[in-house]
$ cat coords.txt   # compact mmCIF, C-alpha atoms
# COMPACT_ATOMS: atom_id res chain seq x y z
CA MET Z 1419 117.80 46.95 115.26
CA ASP Z 1420 116.79 50.51 114.41
CA ARG Z 1421 119.40 52.63 112.66
CA GLU Z 1422 119.75 56.36 112.06
CA ILE Z 1423 118.24 57.81 108.89
CA THR Z 1424 120.99 59.34 106.75
CA LEU Z 1425 120.89 61.95 104.03
CA GLY Z 1426 121.33 59.13 101.57
CA ASP Z 1427 118.15 57.50 102.84
CA ILE Z 1428 116.28 60.78 102.42
CA GLY Z 1429 117.66 61.25 98.92
CA ARG Z 1430 116.69 57.72 97.88
CA SER Z 1431 113.20 58.23 99.33
CA LEU Z 1432 112.76 61.43 97.37
CA TRP Z 1433 114.01 59.76 94.19
CA ARG Z 1434 111.64 56.84 94.59
CA GLY Z 1435 108.77 59.29 95.16
CA ARG Z 1436 109.78 61.73 92.43
CA TRP Z 1437 106.64 61.13 90.41
CA ILE Z 1438 104.52 61.79 93.47
CA ILE Z 1439 106.35 65.09 94.01
CA VAL Z 1440 105.95 66.08 90.37
CA ALA Z 1441 102.28 65.13 90.37
CA THR Z 1442 101.38 67.02 93.57
CA THR Z 1443 103.30 70.09 92.35
CA LEU Z 1444 101.52 70.16 88.99
CA ILE Z 1445 98.11 69.44 90.51
CA ALA Z 1446 98.50 72.19 93.13
CA ALA Z 1447 99.77 74.71 90.55
CA LEU Z 1448 96.86 73.88 88.24
CA ALA Z 1449 94.41 74.20 91.13
CA GLY Z 1450 95.91 77.59 92.04
CA LEU Z 1451 95.60 78.78 88.45
CA LEU Z 1452 91.99 77.60 88.20
CA LEU Z 1453 91.25 79.30 91.52
CA THR Z 1454 92.22 82.67 90.04
CA PHE Z 1455 89.58 82.21 87.35
CA VAL Z 1456 86.69 81.10 89.55
CA THR Z 1457 87.18 83.56 92.42
CA SER Z 1458 85.64 87.02 92.20
CA THR Z 1459 87.88 89.76 90.88
CA THR Z 1460 88.99 92.50 93.24
CA TYR Z 1461 90.63 95.78 92.28
CA THR Z 1462 93.20 97.55 94.43
CA ALA Z 1463 93.65 101.32 94.29
CA THR Z 1464 96.29 103.19 96.28
CA ALA Z 1465 96.72 106.88 97.18
CA ARG Z 1466 99.32 108.54 99.42
CA VAL Z 1467 99.01 111.68 101.54
CA PHE Z 1468 101.68 113.54 103.51
CA LEU Z 1469 99.97 114.30 106.81
CA GLY Z 1470 102.11 117.34 107.55
CA GLN Z 1471 104.33 118.11 110.50
CA ALA Z 1472 102.26 119.47 113.36
CA THR Z 1473 103.99 122.23 115.36
CA THR Z 1474 103.29 124.56 118.21
CA THR Z 1475 102.81 128.25 117.44
CA SER Z 1476 106.49 128.69 118.24
CA GLY Z 1477 107.45 126.19 115.55
CA ALA Z 1478 108.38 123.22 117.78
CA PRO Z 1479 107.32 119.83 116.32
CA ILE Z 1480 104.56 118.09 118.25
CA SER Z 1481 102.67 114.83 117.90
CA THR Z 1482 98.92 114.80 117.25
CA PRO Z 1483 96.51 111.89 116.74
CA GLY Z 1484 96.32 112.75 113.05
CA THR Z 1485 100.10 112.81 112.46
CA ASN Z 1486 101.44 110.26 114.95
CA PRO Z 1487 102.26 107.04 113.00
CA PHE Z 1488 100.78 104.95 115.84
CA THR Z 1489 97.40 106.69 116.07
CA ALA Z 1490 96.92 108.19 112.58
CA PRO Z 1491 95.50 105.01 110.96
CA THR Z 1492 92.76 104.87 113.61
CA ALA Z 1493 92.12 108.63 113.63
CA LEU Z 1494 91.82 108.71 109.85
CA LYS Z 1495 89.16 105.98 109.90
CA SER Z 1496 86.81 107.85 112.22
CA ASP Z 1497 83.09 107.81 111.50
CA ASP Z 1498 83.24 111.46 110.44
CA VAL Z 1499 85.97 110.80 107.87
CA LEU Z 1500 84.26 107.67 106.55
CA SER Z 1501 80.98 109.56 106.16
CA LYS Z 1502 82.64 112.36 104.20
CA VAL Z 1503 84.44 109.90 101.92
CA ALA Z 1504 81.20 108.00 101.31
CA ASP Z 1505 79.43 111.23 100.33
CA GLU Z 1506 82.30 112.23 98.06
CA ALA Z 1507 82.52 108.82 96.37
CA GLY Z 1508 78.78 108.26 96.21
CA VAL Z 1509 78.81 104.91 98.02
CA SER Z 1510 77.68 103.64 101.43
CA VAL Z 1511 79.72 104.15 104.59
CA ASP Z 1512 79.87 100.39 105.16
CA ARG Z 1513 81.35 99.86 101.70
CA VAL Z 1514 84.06 102.41 102.40
CA ARG Z 1515 84.78 100.95 105.85
CA SER Z 1516 85.17 97.41 104.53
CA ALA Z 1517 87.20 98.44 101.48
CA VAL Z 1518 89.82 100.77 102.94
CA SER Z 1519 92.96 100.15 104.95
CA ILE Z 1520 95.42 102.83 106.06
CA THR Z 1521 99.07 102.37 106.96
CA VAL Z 1522 101.47 105.03 108.26
CA PRO Z 1523 105.01 103.60 108.32
CA ARG Z 1524 107.38 104.76 111.06
CA ALA Z 1525 111.11 104.95 110.54
CA PRO Z 1526 113.06 102.74 113.01
CA GLY Z 1527 114.29 104.75 115.97
CA ALA Z 1528 112.62 107.97 114.81
CA SER Z 1529 110.64 110.09 117.23
CA ALA Z 1530 106.91 109.99 116.58
CA ALA Z 1531 106.75 113.74 117.29
CA GLY Z 1532 109.40 114.77 114.81
CA GLN Z 1533 108.88 112.26 112.03
CA PRO Z 1534 107.09 113.26 108.82
CA ALA Z 1535 104.15 110.89 108.38
CA VAL Z 1536 102.90 109.59 105.03
CA ALA Z 1537 99.59 107.72 104.98
CA THR Z 1538 99.12 105.02 102.35
CA ILE Z 1539 95.44 104.53 101.59
CA THR Z 1540 94.65 101.15 100.03
CA VAL Z 1541 91.17 100.36 98.74
CA GLN Z 1542 89.99 96.94 97.55
CA ASP Z 1543 86.65 96.70 95.79
CA SER Z 1544 84.93 94.48 93.23
CA ASP Z 1545 84.41 97.45 90.89
CA ARG Z 1546 87.44 99.14 89.30
CA PRO Z 1547 86.03 102.71 89.02
CA THR Z 1548 84.63 102.54 92.55
CA ALA Z 1549 87.96 101.42 93.99
CA GLN Z 1550 89.70 104.35 92.32
CA LYS Z 1551 86.96 106.79 93.32
CA ILE Z 1552 87.06 105.78 96.99
CA ALA Z 1553 90.87 105.93 97.16
CA ASN Z 1554 91.08 109.40 95.62
CA ALA Z 1555 88.12 110.73 97.64
CA TYR Z 1556 89.75 109.42 100.80
CA ALA Z 1557 93.00 111.19 99.94
CA GLU Z 1558 91.21 114.50 99.43
CA VAL Z 1559 89.22 114.18 102.67
CA VAL Z 1560 92.35 113.23 104.64
CA LEU Z 1561 94.10 116.29 103.18
CA VAL Z 1562 91.29 118.57 104.35
CA GLU Z 1563 91.24 116.98 107.81
CA SER Z 1564 95.03 117.22 108.14
CA ASN Z 1565 94.96 120.86 107.08
CA ARG Z 1566 92.68 121.90 109.94
CA GLY Z 1567 95.33 122.07 112.66
CA TYR Z 1568 97.90 123.31 110.19
CA ARG Z 1569 95.67 126.25 109.19
CA VAL Z 1570 95.25 127.26 112.83
CA VAL Z 1571 99.01 127.47 113.30
CA GLN Z 1572 99.37 129.33 110.00
CA GLU Z 1573 96.76 131.87 111.09
CA VAL Z 1574 98.70 132.47 114.30
CA TYR Z 1575 101.92 132.97 112.31
CA ARG Z 1576 100.26 135.43 109.93
CA ALA Z 1577 98.49 137.35 112.71
CA ARG Z 1578 101.77 137.70 114.60
CA LEU Z 1579 103.53 138.85 111.42
CA ALA Z 1580 100.78 141.41 110.77
CA ARG Z 1581 101.19 142.84 114.30
CA LEU Z 1582 104.93 143.06 113.83
CA LYS Z 1583 104.42 144.91 110.54
CA GLN Z 1584 102.16 147.39 112.35
CA ASP Z 1585 104.82 147.89 115.02
CA GLU Z 1586 107.43 148.42 112.33
CA ALA Z 1587 105.32 151.11 110.66
CA ARG Z 1588 104.75 152.86 114.02
CA TYR Z 1589 108.45 152.89 114.91
CA GLU Z 1590 109.34 154.14 111.43
CA ARG Z 1591 106.95 157.07 111.96
CA GLU Z 1592 108.47 157.76 115.37
CA VAL Z 1593 112.00 157.72 113.92
CA ARG Z 1594 110.99 160.21 111.22
CA THR Z 1595 109.19 162.41 113.76
CA PHE Z 1596 112.02 162.47 116.30
CA SER Z 1597 114.62 162.99 113.57
CA ARG Z 1598 112.72 166.05 112.35
CA LEU Z 1599 112.24 167.41 115.88
CA LEU Z 1600 115.92 166.86 116.63
CA LEU Z 1601 116.91 168.91 113.62
CA THR Z 1602 114.51 171.74 114.45
CA SER Z 1603 115.52 171.80 118.14
CA ALA Z 1604 119.27 171.79 117.65
CA GLY Z 1605 120.97 173.78 120.43
CA THR Z 1606 117.87 173.80 122.65
CA PRO Z 1607 117.34 171.93 125.95
CA GLN Z 1608 114.83 169.63 124.23
CA ALA Z 1609 117.46 168.30 121.81
CA ASP Z 1610 118.85 165.78 124.31
CA ALA Z 1611 115.37 164.41 125.01
CA TYR Z 1612 114.64 164.04 121.30
CA GLN Z 1613 118.00 162.36 120.83
CA THR Z 1614 117.14 159.81 123.53
CA LEU Z 1615 113.69 159.17 122.09
CA LEU Z 1616 115.14 158.80 118.59
CA PHE Z 1617 117.70 156.27 119.80
CA ALA Z 1618 115.02 154.24 121.62
CA SER Z 1619 112.75 154.19 118.54
CA GLN Z 1620 115.64 153.13 116.31
CA GLN Z 1621 116.50 150.36 118.73
CA GLN Z 1622 112.91 149.12 118.85
CA LEU Z 1623 112.62 149.34 115.07
CA SER Z 1624 115.74 147.21 114.69
CA GLU Z 1625 114.39 144.58 117.09
CA VAL Z 1626 111.01 144.47 115.36
CA ARG Z 1627 112.64 144.03 111.96
CA GLY Z 1628 114.67 141.12 113.34
CA GLU Z 1629 111.48 139.52 114.66
CA ILE Z 1630 109.80 140.07 111.28
CA ASP Z 1631 112.66 138.30 109.48
CA SER Z 1632 112.46 135.39 111.94
CA GLN Z 1633 108.66 135.16 111.65
CA GLU Z 1634 108.75 135.27 107.84
CA LEU Z 1635 111.35 132.49 107.84
CA THR Z 1636 109.23 130.37 110.21
CA LEU Z 1637 106.16 130.92 108.03
CA ALA Z 1638 108.05 130.04 104.84
CA LYS Z 1639 109.45 126.86 106.43
CA SER Z 1640 106.04 125.76 107.64
CA GLU Z 1641 104.50 126.36 104.22
CA GLN Z 1642 107.20 124.37 102.43
CA ALA Z 1643 107.94 121.50 104.81
CA GLU Z 1644 104.98 121.16 107.14
CA ALA Z 1645 101.93 121.60 104.92
CA PRO Z 1646 99.92 118.42 104.28
CA GLN Z 1647 99.74 117.47 100.62
CA VAL Z 1648 98.57 114.67 98.36
CA ILE Z 1649 101.63 112.77 97.16
CA SER Z 1650 99.87 110.52 94.67
CA LEU Z 1651 96.37 109.57 93.57
CA SER Z 1652 95.24 106.27 92.13
CA GLU Z 1653 95.48 106.27 88.35
CA GLU Z 1654 95.07 102.61 87.41
CA PRO Z 1655 93.81 100.12 90.04
CA THR Z 1656 95.44 96.70 89.88
CA SER Z 1657 93.35 93.55 89.44
CA SER Z 1658 93.60 90.35 91.46
CA THR Z 1659 93.22 88.46 88.16
CA SER Z 1660 95.98 90.29 86.34
CA ALA Z 1661 98.73 88.17 84.79
CA PRO Z 1662 101.33 88.93 87.53
CA ASN Z 1663 98.86 88.08 90.31
CA ARG Z 1664 97.77 84.86 88.59
CA LEU Z 1665 101.40 83.87 88.13
CA ARG Z 1666 102.13 84.63 91.78
CA THR Z 1667 99.16 82.55 92.96
CA THR Z 1668 100.15 79.67 90.68
CA ILE Z 1669 103.74 79.69 91.92
CA ILE Z 1670 102.69 79.76 95.57
CA ALA Z 1671 100.24 76.89 95.01
CA GLY Z 1672 102.94 74.93 93.18
CA LEU Z 1673 105.37 75.41 96.07
CA ILE Z 1674 102.76 74.17 98.51
CA GLY Z 1675 102.18 71.11 96.29
CA LEU Z 1676 105.93 70.54 96.16
CA LEU Z 1677 106.19 70.50 99.95
CA VAL Z 1678 103.20 68.17 100.24
CA GLY Z 1679 104.75 65.81 97.67
CA ILE Z 1680 108.06 65.77 99.53
CA ILE Z 1681 106.32 64.91 102.79
CA ILE Z 1682 104.31 62.12 101.13
CA ALA Z 1683 107.45 60.74 99.46
CA LEU Z 1684 109.40 60.74 102.70
CA VAL Z 1685 106.64 59.09 104.71
CA TRP Z 1686 105.41 56.57 102.11
CA LYS Z 1687 108.42 55.69 99.99
CA GLY Z 1688 110.85 56.13 102.85
CA GLY Z 1689 108.87 53.74 105.03
CA ALA Z 1690 108.57 51.22 102.19
CA GLY Z 1691 112.28 51.38 101.48
CA ARG Z 1692 113.24 50.81 105.10
CA LYS Z 1693 110.80 47.87 105.28
CA ARG Z 1694 112.45 46.22 102.27
CA GLU Z 1695 115.89 46.72 103.79
CA ALA Z 1696 114.69 45.16 107.01
CA ASP Z 1697 113.20 42.16 105.16
CA THR Z 1698 116.44 41.71 103.24
CA ALA Z 1699 118.47 41.83 106.44
$ encode --input "coords.txt" --output "structure tokens"
Amino acid sequence: MDREITLGDIGRSLWRGRWIIVATTLIAALAGLLLTFVTSTTYTATARVFLGQATTTSGAPISTPGTNPFTAPTALKSDDVLSKVADEAGVSVDRVRSAVSITVPRAPGASAAGQPAVATITVQDSDRPTAQKIANAYAEVVLVESNRGYRVVQEVYRARLARLKQDEARYEREVRTFSRLLLTSAGTPQADAYQTLLFASQQQLSEVRGEIDSQELTLAKSEQAEAPQVISLSEEPTSSTSAPNRLRTTIIAGLIGLLVGIIIALVWKGGAGRKREADTA
């Protein structure tokens, strides 16, 4: 009669097949190590760019294709961007397209409109200098592209601030003029009119100065926190045949061999052991 397989049966099967497990593990690890020597070497270069925080002209955060974590990877791999990177790096567009990948992580639960976005540009190429050149060229092109919308908003801020400064200068002239006329017309019927005009100009001057302070603060905030910038450029591309990568590949191959050996031991030695027990019974 059939009986249930216990943990003891499994342990005995593994012990009987221990040399199979050891052999498959060593063979797979050796094969993985040899694979790292015969496969072509690839170099990985990484650059990171802060895409900026897009805002309306009033300073409210908004989401754009170039800053939204969901759409930015696609927008930053447009044909126009790829062509500019290829020109900058001195390679073909197809080589750039096949070598680069862009990721823009999104914080869990964060709004796509209000979340600062950082693009990680990863380039894999068979030539170390080319990998580094493409990664850094891509970072510079992405910075220029990201700055386009930002510059438009900055121009609006500065134009508005310039108009406010003009208004401030005009009201300051009016205050000086009406103050002088008020002094020279003391005791005359026109004094009350000048007093009213002076008060109105002072009030408008105070309001304009408040708006100037607010606009300067908005401009300073946008320049410090919203401006796109290159966080890091590639300095030393990593190699697929470097010692850490070879060790990683060897370990993974060894683990696969270990699992294969365990399966073989359980199927072969376990079946043989149960057959002997049945013959004995």
$ atom_distance --input "coords.txt" --atom1 "atom CA of Asp1631 of chain Z" --atom2 "atom CA of Ala1535 of chain Z"
28.7 Å
$ closest_residue --input "coords.txt" --among "Z:Phe1488, Z:Gln1542, Z:Ala1645, Z:Ile1670" --to "Thr1459 of chain Z" --atoms "all atoms listed in the file"
Z:Gln1542
$ atom_distance --input "coords.txt" --atom1 "atom CA of Arg1546 of chain Z" --atom2 "atom CA of Thr1460 of chain Z"
7.9 Å
$ residues_around --input "coords.txt" --residues "Val1559 of chain Z" --least-positions-apart "4" --cutoff "9 Å" --atoms "all atoms listed in the file" --output "number ranges by chain"
Z: 1499, 1502-1503, 1506, 1554-1555, 1563-1564
$ closest_residue --input "coords.txt" --among "Z:Leu1453, Z:Leu1637, Z:Val1648, Z:Val1511" --to "Val1571 of chain Z" --atoms "only C-alpha atoms"
Z:Leu1637
$ closest_residue --input "coords.txt" --among "Z:Ala1447, Z:Val1456, Z:Ala1618, Z:Ile1552" --to "Gly1672 of chain Z" --atoms "all atoms listed in the file"
Z:Ala1447
